[in-house]
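Chemist: This is model_27.pdb, which holds PDB, N, CA and C atoms:
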ATOM      1  N   MET A   1       0.832  -1.185   0.000
ATOM      2  CA  MET A   1       0.000   0.000   0.000
ATOM      3  C   MET A   1       0.881   1.253   0.000
ATOM      4  N   ASN A   2       0.423   2.287  -0.665
ATOM      5  CA  ASN A   2       1.171   3.526  -0.764
ATOM      6  C   ASN A   2       0.723   4.467   0.353
ATOM      7  N   SER A   3       1.309   4.310   1.499
ATOM      8  CA  SER A   3       0.873   5.079   2.663
ATOM      9  C   SER A   3       1.187   6.567   2.545
ATOM     10  N   GLU A   4       2.132   6.951   1.687
ATOM     11  CA  GLU A   4       2.462   8.365   1.552
ATOM     12  C   GLU A   4       1.238   9.169   1.106
ATOM     13  N   LEU A   5       0.534   8.681   0.100
ATOM     14  CA  LEU A   5      -0.662   9.391  -0.360
ATOM     15  C   LEU A   5      -1.734   9.414   0.722
ATOM     16  N   LEU A   6      -1.936   8.285   1.375
ATOM     17  CA  LEU A   6      -2.932   8.251   2.449
ATOM     18  C   LEU A   6      -2.553   9.199   3.579
ATOM     19  N   ASN A   7      -1.270   9.324   3.843
ATOM     20  CA  ASN A   7      -0.826  10.261   4.883
ATOM     21  C   ASN A   7      -1.248  11.686   4.550
ATOM     22  N   TYR A   8      -1.161  12.059   3.281
ATOM     23  CA  TYR A   8      -1.613  13.392   2.881
ATOM     24  C   TYR A   8      -3.111  13.553   3.102
ATOM     25  N   TYR A   9      -3.889  12.560   2.687
ATOM     26  CA  TYR A   9      -5.339  12.635   2.892
ATOM     27  C   TYR A   9      -5.676  12.734   4.372
ATOM     28  N   GLU A  10      -4.983  11.951   5.190
ATOM     29  CA  GLU A  10      -5.243  11.977   6.628
ATOM     30  C   GLU A  10      -4.820  13.307   7.244
ATOM     31  N   ALA A  11      -3.735  13.888   6.760
ATOM     32  CA  ALA A  11      -3.293  15.192   7.260
ATOM     33  C   ALA A  11      -4.298  16.281   6.881
ATOM     34  N   ILE A  12      -4.841  16.204   5.683
ATOM     35  CA  ILE A  12      -5.862  17.170   5.262
ATOM     36  C   ILE A  12      -7.114  17.000   6.114
ATOM     37  N   GLU A  13      -7.489  15.748   6.379
ATOM     38  CA  GLU A  13      -8.648  15.494   7.236
ATOM     39  C   GLU A  13      -8.423  16.070   8.634
ATOM     40  N   GLN A  14      -7.228  15.877   9.189
ATOM     41  CA  GLN A  14      -6.943  16.412  10.517
ATOM     42  C   GLN A  14      -6.991  17.935  10.514
ATOM     43  N   ALA A  15      -6.442  18.540   9.480
ATOM     44  CA  ALA A  15      -6.487  20.004   9.383
ATOM     45  C   ALA A  15      -7.928  20.488   9.277
ATOM     46  N   SER A  16      -8.770  19.766   8.544
ATOM     47  CA  SER A  16     -10.175  20.180   8.435
ATOM     48  C   SER A  16     -10.891  20.004   9.766
ATOM     49  N   ALA A  17     -10.550  18.960  10.529
ATOM     50  CA  ALA A  17     -11.136  18.766  11.861
ATOM     51  C   ALA A  17     -10.684  19.888  12.801
ATOM     52  N   ASP A  18      -9.422  20.289  12.695
ATOM     53  CA  ASP A  18      -8.915  21.398  13.501
ATOM     54  C   ASP A  18      -9.592  22.710  13.106
ATOM     55  N   MET A  19      -9.842  22.890  11.809
ATOM     56  CA  MET A  19     -10.559  24.081  11.345
ATOM     57  C   MET A  19     -11.960  24.115  11.935
ATOM     58  N   LEU A  20     -12.623  22.974  11.942
ATOM     59  CA  LEU A  20     -13.969  22.899  12.498
ATOM     60  C   LEU A  20     -13.952  23.231  13.986
ATOM     61  N   SER A  21     -12.996  22.708  14.687
ATOM     62  CA  SER A  21     -12.877  23.000  16.119
ATOM     63  C   SER A  21     -12.683  24.502  16.350
ATOM     64  N   ALA A  22     -11.819  25.109  15.563
ATOM     65  CA  ALA A  22     -11.589  26.554  15.683
ATOM     66  C   ALA A  22     -12.845  27.335  15.315
ATOM     67  N   ALA A  23     -13.554  26.900  14.300
ATOM     68  CA  ALA A  23     -14.783  27.587  13.889
ATOM     69  C   ALA A  23     -15.843  27.495  14.984
ATOM     70  N   ARG A  24     -15.920  26.351  15.640
ATOM     71  CA  ARG A  24     -16.901  26.181  16.719
ATOM     72  C   ARG A  24     -16.653  27.138  17.874
ATOM     73  N   THR A  25     -15.397  27.528  18.079
ATOM     74  CA  THR A  25     -15.075  28.472  19.154
ATOM     75  C   THR A  25     -15.018  29.915  18.658
ATOM     76  N   GLY A  26     -15.258  30.105  17.366
ATOM     77  CA  GLY A  26     -15.245  31.449  16.799
ATOM     78  C   GLY A  26     -13.855  31.994  16.539
ATOM     79  N   ASN A  27     -12.869  31.125  16.494
ATOM     80  CA  ASN A  27     -11.486  31.544  16.252
ATOM     81  C   ASN A  27     -11.219  31.541  14.745
ATOM     82  N   TRP A  28     -11.714  32.570  14.065
ATOM     83  CA  TRP A  28     -11.651  32.621  12.606
ATOM     84  C   TRP A  28     -10.235  32.857  12.100
ATOM     85  N   ASP A  29      -9.392  33.506  12.899
ATOM     86  CA  ASP A  29      -7.992  33.666  12.498
ATOM     87  C   ASP A  29      -7.320  32.295  12.392
ATOM     88  N   GLU A  30      -7.628  31.417  13.339
ATOM     89  CA  GLU A  30      -7.063  30.059  13.304
ATOM     90  C   GLU A  30      -7.617  29.277  12.120
ATOM     91  N   VAL A  31      -8.898  29.476  11.819
ATOM     92  CA  VAL A  31      -9.500  28.803  10.663
ATOM     93  C   VAL A  31      -8.749  29.191   9.392
ATOM     94  N   VAL A  32      -8.495  30.472   9.235
ATOM     95  CA  VAL A  32      -7.788  30.958   8.048
ATOM     96  C   VAL A  32      -6.371  30.387   8.000
ATOM     97  N   LYS A  33      -5.685  30.354   9.141
ATOM     98  CA  LYS A  33      -4.336  29.794   9.199
ATOM     99  C   LYS A  33      -4.349  28.322   8.784
ATOM    100  N   LEU A  34      -5.288  27.570   9.306
ATOM    101  CA  LEU A  34      -5.378  26.148   8.982
ATOM    102  C   LEU A  34      -5.795  25.930   7.532
ATOM    103  N   GLU A  35      -6.595  26.836   7.005
ATOM    104  CA  GLU A  35      -6.968  26.743   5.600
ATOM    105  C   GLU A  35      -5.719  26.856   4.718
ATOM    106  N   GLY A  36      -4.804  27.732   5.106
ATOM    107  CA  GLY A  36      -3.537  27.857   4.382
ATOM    108  C   GLY A  36      -2.731  26.568   4.434
ATOM    109  N   ALA A  37      -2.758  25.914   5.586
ATOM    110  CA  ALA A  37      -2.063  24.630   5.719
ATOM    111  C   ALA A  37      -2.699  23.593   4.803
ATOM    112  N   CYS A  38      -4.023  23.620   4.693
ATOM    113  CA  CYS A  38      -4.722  22.690   3.802
ATOM    114  C   CYS A  38      -4.326  22.916   2.350
ATOM    115  N   VAL A  39      -4.217  24.165   1.958
ATOM    116  CA  VAL A  39      -3.825  24.489   0.585
ATOM    117  C   VAL A  39      -2.446  23.906   0.288
ATOM    118  N   LEU A  40      -1.540  24.044   1.229
ATOM    119  CA  LEU A  40      -0.191  23.498   1.048
ATOM    120  C   LEU A  40      -0.231  21.969   0.963
ATOM    121  N   LEU A  41      -0.973  21.339   1.853
ATOM    122  CA  LEU A  41      -1.088  19.878   1.834
ATOM    123  C   LEU A  41      -1.708  19.369   0.534
ATOM    124  N   ILE A  42      -2.718  20.071   0.055
ATOM    125  CA  ILE A  42      -3.369  19.671  -1.197
ATOM    126  C   ILE A  42      -2.394  19.787  -2.358
ATOM    127  N   SER A  43      -1.588  20.839  -2.366
ATOM    128  CA  SER A  43      -0.578  21.004  -3.406
ATOM    129  C   SER A  43       0.435  19.863  -3.364
ATOM    130  N   GLN A  44       0.876  19.519  -2.161
ATOM    131  CA  GLN A  44       1.818  18.414  -2.011
ATOM    132  C   GLN A  44       1.189  17.087  -2.427
ATOM    133  N   LEU A  45      -0.075  16.903  -2.087
ATOM    134  CA  LEU A  45      -0.789  15.684  -2.480
ATOM    135  C   LEU A  45      -0.871  15.573  -4.001
ATOM    136  N   LYS A  46      -1.203  16.668  -4.661
ATOM    137  CA  LYS A  46      -1.290  16.646  -6.128
ATOM    138  C   LYS A  46       0.040  16.246  -6.748
ATOM    139  N   SER A  47       1.105  16.785  -6.206
ATOM    140  CA  SER A  47       2.429  16.453  -6.723
ATOM    141  C   SER A  47       2.743  14.972  -6.504
ATOM    142  N   ALA A  48       2.472  14.468  -5.315
ATOM    143  CA  ALA A  48       2.736  13.055  -5.007
ATOM    144  C   ALA A  48       1.832  12.136  -5.822
ATOM    145  N   ALA A  49       0.580  12.555  -6.035
ATOM    146  CA  ALA A  49      -0.373  11.721  -6.772
ATOM    147  C   ALA A  49      -0.019  11.635  -8.254
ATOM    148  N   SER A  50       0.731  12.589  -8.753
ATOM    149  CA  SER A  50       1.132  12.532 -10.161
ATOM    150  C   SER A  50       2.191  11.456 -10.391
ATOM    151  N   GLN A  51       2.786  10.978  -9.306
ATOM    152  CA  GLN A  51       3.848   9.980  -9.414
ATOM    153  C   GLN A  51       3.448   8.610  -8.865
ATOM    154  N   ALA A  52       2.276   8.523  -8.237
ATOM    155  CA  ALA A  52       1.853   7.256  -7.635
ATOM    156  C   ALA A  52       0.336   7.188  -7.610
ATOM    157  N   GLN A  53      -0.191   5.980  -7.448
ATOM    158  CA  GLN A  53      -1.633   5.774  -7.354
ATOM    159  C   GLN A  53      -1.952   4.978  -6.104
ATOM    160  N   LEU A  54      -3.194   5.109  -5.658
ATOM    161  CA  LEU A  54      -3.660   4.330  -4.519
ATOM    162  C   LEU A  54      -4.067   2.936  -4.970
ATOM    163  N   ALA A  55      -3.887   1.983  -4.087
ATOM    164  CA  ALA A  55      -4.367   0.622  -4.333
ATOM    165  C   ALA A  55      -5.887   0.602  -4.137
ATOM    166  N   PRO A  56      -6.597  -0.412  -4.656
ATOM    167  CA  PRO A  56      -8.067  -0.457  -4.512
ATOM    168  C   PRO A  56      -8.559  -0.296  -3.073
ATOM    169  N   GLY A  57      -7.946  -0.960  -2.129
ATOM    170  CA  GLY A  57      -8.355  -0.821  -0.727
ATOM    171  C   GLY A  57      -8.119   0.583  -0.200
ATOM    172  N   GLU A  58      -7.054   1.201  -0.663
ATOM    173  CA  GLU A  58      -6.751   2.572  -0.259
ATOM    174  C   GLU A  58      -7.758   3.553  -0.848
ATOM    175  N   SER A  59      -8.254   3.261  -2.024
ATOM    176  CA  SER A  59      -9.245   4.139  -2.646
ATOM    177  C   SER A  59     -10.518   4.201  -1.803
ATOM    178  N   GLN A  60     -10.894   3.081  -1.232
ATOM    179  CA  GLN A  60     -12.081   3.066  -0.363
ATOM    180  C   GLN A  60     -11.840   3.905   0.885
ATOM    181  N   LEU A  61     -10.654   3.789   1.468
ATOM    182  CA  LEU A  61     -10.315   4.593   2.638
ATOM    183  C   LEU A  61     -10.274   6.076   2.270
ATOM    184  N   LYS A  62      -9.702   6.380   1.108
ATOM    185  CA  LYS A  62      -9.659   7.765   0.626
ATOM    186  C   LYS A  62     -11.071   8.329   0.523
ATOM    187  N   THR A  63     -12.005   7.542   0.013
ATOM    188  CA  THR A  63     -13.391   7.986  -0.129
ATOM    189  C   THR A  63     -13.993   8.314   1.234
ATOM    190  N   ARG A  64     -13.750   7.472   2.221
ATOM    191  CA  ARG A  64     -14.284   7.730   3.571
ATOM    192  C   ARG A  64     -13.661   8.989   4.169
ATOM    193  N   ILE A  65     -12.360   9.167   3.954
ATOM    194  CA  ILE A  65     -11.680  10.374   4.442
ATOM    195  C   ILE A  65     -12.267  11.612   3.773
ATOM    196  N   MET A  66     -12.453  11.554   2.462
ATOM    197  CA  MET A  66     -13.003  12.699   1.730
ATOM    198  C   MET A  66     -14.414  13.035   2.204
ATOM    199  N   GLN A  67     -15.207  12.026   2.509
ATOM    200  CA  GLN A  67     -16.559  12.271   3.014
ATOM    201  C   GLN A  67     -16.510  13.021   4.346
ATOM    202  N   ARG A  68     -15.590  12.628   5.223
ATOM    203  CA  ARG A  68     -15.460  13.316   6.510
ATOM    204  C   ARG A  68     -14.979  14.757   6.307
ATOM    205  N   ILE A  69     -14.065  14.956   5.352
ATOM    206  CA  ILE A  69     -13.602  16.315   5.058
ATOM    207  C   ILE A  69     -14.757  17.173   4.562
ATOM    208  N   LEU A  70     -15.577  16.614   3.694
ATOM    209  CA  LEU A  70     -16.729  17.365   3.173
ATOM    210  C   LEU A  70     -17.735  17.694   4.272
ATOM    211  N   LEU A  71     -17.951  16.781   5.204
ATOM    212  CA  LEU A  71     -18.850  17.052   6.330
ATOM    213  C   LEU A  71     -18.287  18.166   7.208
ATOM    214  N   ASN A  72     -16.978  18.117   7.475
ATOM    215  CA  ASN A  72     -16.341  19.191   8.250
ATOM    216  C   ASN A  72     -16.503  20.523   7.541
ATOM    217  N   ASP A  73     -16.250  20.529   6.239
ATOM    218  CA  ASP A  73     -16.352  21.751   5.451
ATOM    219  C   ASP A  73     -17.770  22.319   5.488
ATOM    220  N   ALA A  74     -18.753  21.448   5.376
ATOM    221  CA  ALA A  74     -20.151  21.909   5.398
ATOM    222  C   ALA A  74     -20.479  22.561   6.735
ATOM    223  N   GLU A  75     -20.015  21.960   7.827
ATOM    224  CA  GLU A  75     -20.307  22.551   9.137
ATOM    225  C   GLU A  75     -19.560  23.866   9.329
ATOM    226  N   ILE A  76     -18.323  23.931   8.842
ATOM    227  CA  ILE A  76     -17.569  25.193   8.930
ATOM    228  C   ILE A  76     -18.313  26.295   8.183
ATOM    229  N   ARG A  77     -18.791  25.976   6.990
ATOM    230  CA  ARG A  77     -19.537  26.969   6.206
ATOM    231  C   ARG A  77     -20.811  27.397   6.933
ATOM    232  N   HIS A  78     -21.486  26.448   7.550
ATOM    233  CA  HIS A  78     -22.701  26.761   8.307
ATOM    234  C   HIS A  78     -22.374  27.702   9.476
ATOM    235  N   LEU A  79     -21.281  27.425  10.172
ATOM    236  CA  LEU A  79     -20.873  28.272  11.292
ATOM    237  C   LEU A  79     -20.423  29.647  10.827
ATOM    238  N   ALA A  80     -19.863  29.728   9.624
ATOM    239  CA  ALA A  80     -19.341  30.998   9.104
ATOM    240  C   ALA A  80     -20.431  31.902   8.551
ATOM    241  N   GLU A  81     -21.584  31.354   8.222
ATOM    242  CA  GLU A  81     -22.626  32.163   7.578
ATOM    243  C   GLU A  81     -23.000  33.418   8.365
ATOM    244  N   PRO A  82     -23.285  33.339   9.664
ATOM    245  CA  PRO A  82     -23.628  34.583  10.382
ATOM    246  C   PRO A  82     -22.480  35.585  10.379
ATOM    247  N   TRP A  83     -21.255  35.096  10.531
ATOM    248  CA  TRP A  83     -20.089  35.964  10.522
ATOM    249  C   TRP A  83     -19.944  36.631   9.165
ATOM    250  N   LEU A  84     -20.160  35.874   8.097
ATOM    251  CA  LEU A  84     -20.048  36.434   6.753
ATOM    252  C   LEU A  84     -21.156  37.451   6.483
ATOM    253  N   GLU A  85     -22.359  37.195   7.001
ATOM    254  CA  GLU A  85     -23.447  38.164   6.848
ATOM    255  C   GLU A  85     -23.112  39.459   7.569
ATOM    256  N   ASP A  86     -22.567  39.357   8.797
ATOM    257  CA  ASP A  86     -22.157  40.553   9.534
ATOM    258  C   ASP A  86     -21.076  41.309   8.774
ATOM    259  N   LEU A  87     -20.108  40.577   8.227
ATOM    260  CA  LEU A  87     -19.048  41.206   7.456
ATOM    261  C   LEU A  87     -19.619  41.921   6.235
ATOM    262  N   ASP A  88     -20.568  41.291   5.576
ATOM    263  CA  ASP A  88     -21.208  41.898   4.414
ATOM    264  C   ASP A  88     -21.900  43.197   4.804
ATOM    265  N   GLN A  89     -22.587  43.194   5.932
ATOM    266  CA  GLN A  89     -23.278  44.398   6.399
ATOM    267  C   GLN A  89     -22.276  45.504   6.746
ATOM    268  N   VAL A  90     -21.176  45.124   7.365
ATOM    269  CA  VAL A  90     -20.139  46.108   7.703
ATOM    270  C   VAL A  90     -19.572  46.718   6.428
ATOM    271  N   MET A  91     -19.328  45.879   5.435
ATOM    272  CA  MET A  91     -18.777  46.371   4.170
ATOM    273  C   MET A  91     -19.757  47.308   3.468
ATOM    274  N   LYS A  92     -21.049  47.091   3.686
ATOM    275  CA  LYS A  92     -22.067  47.962   3.099
ATOM    276  C   LYS A  92     -22.358  49.184   3.964
ATOM    277  N   GLY A  93     -21.705  49.251   5.146
ATOM    278  CA  GLY A  93     -21.929  50.381   6.031
ATOM    279  C   GLY A  93     -23.195  50.259   6.844
ATOM    280  N   LYS A  94     -23.710  49.041   6.993
ATOM    281  CA  LYS A  94     -24.944  48.822   7.732
ATOM    282  C   LYS A  94     -24.690  47.853   8.884
ATOM    283  N   SER A  95     -23.710  48.140   9.672
ATOM    284  CA  SER A  95     -23.296  47.241  10.747
ATOM    285  C   SER A  95     -24.434  47.008  11.741
ATOM    286  N   ARG A  96     -24.617  45.736  12.103
ATOM    287  CA  ARG A  96     -25.570  45.384  13.153
ATOM    288  C   ARG A  96     -24.873  45.327  14.507
ATOM    289  N   MET A  97     -23.554  45.526  14.488
ATOM    290  CA  MET A  97     -22.774  45.449  15.722
ATOM    291  C   MET A  97     -22.981  46.708  16.538
ATOM    292  N   VAL A  98     -23.016  46.530  17.844
ATOM    293  CA  VAL A  98     -23.127  47.665  18.759
ATOM    294  C   VAL A  98     -21.722  48.087  19.148
ATOM    295  N   HIS A  99     -21.440  49.382  19.006
ATOM    296  CA  HIS A  99     -20.087  49.868  19.316
ATOM    297  C   HIS A  99     -20.080  50.536  20.656
TER     298      HIS A  99
END
Written as structure tokens, that's how I'd like the structure from this file.

Modeler:
Amino acid sequence: MNSELLNYYEAIEQASADMLSAARTGNWDEVVKLEGACVLLISQLKSAASQAQLAPGESQLKTRIMQRILLNDAEIRHLAEPWLEDLDQVMKGKSRMVH
């Protein structure tokens, strides 16, 4: 089995879980930092995947990992919606925040 590729998928999954944890506490700076780490990991994965392939059993594990990443991403987006709406209002000069 080519564990190097799976290691990248697992690292991306862990970063997405860490992003979700930070989003749940409202630590959006940490979310952004971890998102940058994900971008780097994805770039490294693409490079490694161009030189190797997963075995059939690994493909099934990859699918399960990707599903968990997508679930994390969906929850992060759900948590970010109110923050993004507030940001949109601030950008329009219609802040709902009390100063």

Chemist: Tell me which residues the PyMOL selection byres ((chain A and resi 73-76) around 8) grabs here, as number ranges by chain.

Modeler: A: 16-17, 19-21, 23-24, 67-72, 77-81

Chemist: May I have the residues within 12 Å of Thr63 in chain A as a PDB file with N, CA and C atoms, in the frame of the given file, using only C-alpha atoms and disregarding those fewer than 3 positions away in the same chain?

Modeler:
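Result file follows (around_0.pdb):
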ATOM      1  N   LEU A   6      -1.936   8.285   1.375  1.00  0.00           N
ATOM      2  CA  LEU A   6      -2.932   8.251   2.449  1.00  0.00           C
ATOM      3  C   LEU A   6      -2.553   9.199   3.579  1.00  0.00           C
ATOM      4  N   TYR A   9      -3.889  12.560   2.687  1.00  0.00           N
ATOM      5  CA  TYR A   9      -5.339  12.635   2.892  1.00  0.00           C
ATOM      6  C   TYR A   9      -5.676  12.734   4.372  1.00  0.00           C
ATOM      7  N   GLU A  10      -4.983  11.951   5.190  1.00  0.00           N
ATOM      8  CA  GLU A  10      -5.243  11.977   6.628  1.00  0.00           C
ATOM      9  C   GLU A  10      -4.820  13.307   7.244  1.00  0.00           C
ATOM     10  N   GLU A  13      -7.489  15.748   6.379  1.00  0.00           N
ATOM     11  CA  GLU A  13      -8.648  15.494   7.236  1.00  0.00           C
ATOM     12  C   GLU A  13      -8.423  16.070   8.634  1.00  0.00           C
ATOM     13  N   LEU A  54      -3.194   5.109  -5.658  1.00  0.00           N
ATOM     14  CA  LEU A  54      -3.660   4.330  -4.519  1.00  0.00           C
ATOM     15  C   LEU A  54      -4.067   2.936  -4.970  1.00  0.00           C
ATOM     16  N   PRO A  56      -6.597  -0.412  -4.656  1.00  0.00           N
ATOM     17  CA  PRO A  56      -8.067  -0.457  -4.512  1.00  0.00           C
ATOM     18  C   PRO A  56      -8.559  -0.296  -3.073  1.00  0.00           C
ATOM     19  N   GLY A  57      -7.946  -0.960  -2.129  1.00  0.00           N
ATOM     20  CA  GLY A  57      -8.355  -0.821  -0.727  1.00  0.00           C
ATOM     21  C   GLY A  57      -8.119   0.583  -0.200  1.00  0.00           C
ATOM     22  N   GLU A  58      -7.054   1.201  -0.663  1.00  0.00           N
ATOM     23  CA  GLU A  58      -6.751   2.572  -0.259  1.00  0.00           C
ATOM     24  C   GLU A  58      -7.758   3.553  -0.848  1.00  0.00           C
ATOM     25  N   SER A  59      -8.254   3.261  -2.024  1.00  0.00           N
ATOM     26  CA  SER A  59      -9.245   4.139  -2.646  1.00  0.00           C
ATOM     27  C   SER A  59     -10.518   4.201  -1.803  1.00  0.00           C
ATOM     28  N   GLN A  60     -10.894   3.081  -1.232  1.00  0.00           N
ATOM     29  CA  GLN A  60     -12.081   3.066  -0.363  1.00  0.00           C
ATOM     30  C   GLN A  60     -11.840   3.905   0.885  1.00  0.00           C
ATOM     31  N   MET A  66     -12.453  11.554   2.462  1.00  0.00           N
ATOM     32  CA  MET A  66     -13.003  12.699   1.730  1.00  0.00           C
ATOM     33  C   MET A  66     -14.414  13.035   2.204  1.00  0.00           C
ATOM     34  N   GLN A  67     -15.207  12.026   2.509  1.00  0.00           N
ATOM     35  CA  GLN A  67     -16.559  12.271   3.014  1.00  0.00           C
ATOM     36  C   GLN A  67     -16.510  13.021   4.346  1.00  0.00           C
ATOM     37  N   ARG A  68     -15.590  12.628   5.223  1.00  0.00           N
ATOM     38  CA  ARG A  68     -15.460  13.316   6.510  1.00  0.00           C
ATOM     39  C   ARG A  68     -14.979  14.757   6.307  1.00  0.00           C
ATOM     40  N   ILE A  69     -14.065  14.956   5.352  1.00  0.00           N
ATOM     41  CA  ILE A  69     -13.602  16.315   5.058  1.00  0.00           C
ATOM     42  C   ILE A  69     -14.757  17.173   4.562  1.00  0.00           C
ATOM     43  N   LEU A  70     -15.577  16.614   3.694  1.00  0.00           N
ATOM     44  CA  LEU A  70     -16.729  17.365   3.173  1.00  0.00           C
ATOM     45  C   LEU A  70     -17.735  17.694   4.272  1.00  0.00           C
TER      46      LEU A  70
END

Chemist: Rounded to one decimal place, report the CA of Ser47 in chain A-CA of Val31 in chain A distance in Å.

Modeler: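 Going from CA of Ser47 in chain A over to CA of Val31 in chain A covers 24.4 Å.
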
Chemist: Suppose you want the space between CA of Met91 in chain A and CA of Val32 in chain A; what is it in Å?

Modeler: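 Distance reported for this atom pair: 19.3 Å.
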
Chemist: Between atom N of Gly36 in chain A and CA of Lys92 in chain A, what is the distance, to one decimal in Å?

Modeler: 26.7 Å

Chemist: So that all listed atoms of range 12-29 of chain A fit with 8 Å spare on each side, what axis-aligned box centre and edge lengths in Å, to one decimal, would you give as lines of an AutoDock Vina configuration file?

Modeler:
center_x = -10.9
center_y = 24.6
center_z = 12.2
size_x = 28.1
size_y = 34.2
size_z = 29.9

Chemist: What parts of chain A does DSSP call helix (DSSP H, G or I)? I'd like the answer as a ChimeraX atom specification.

Modeler: /A:3-24,28-49,56-91
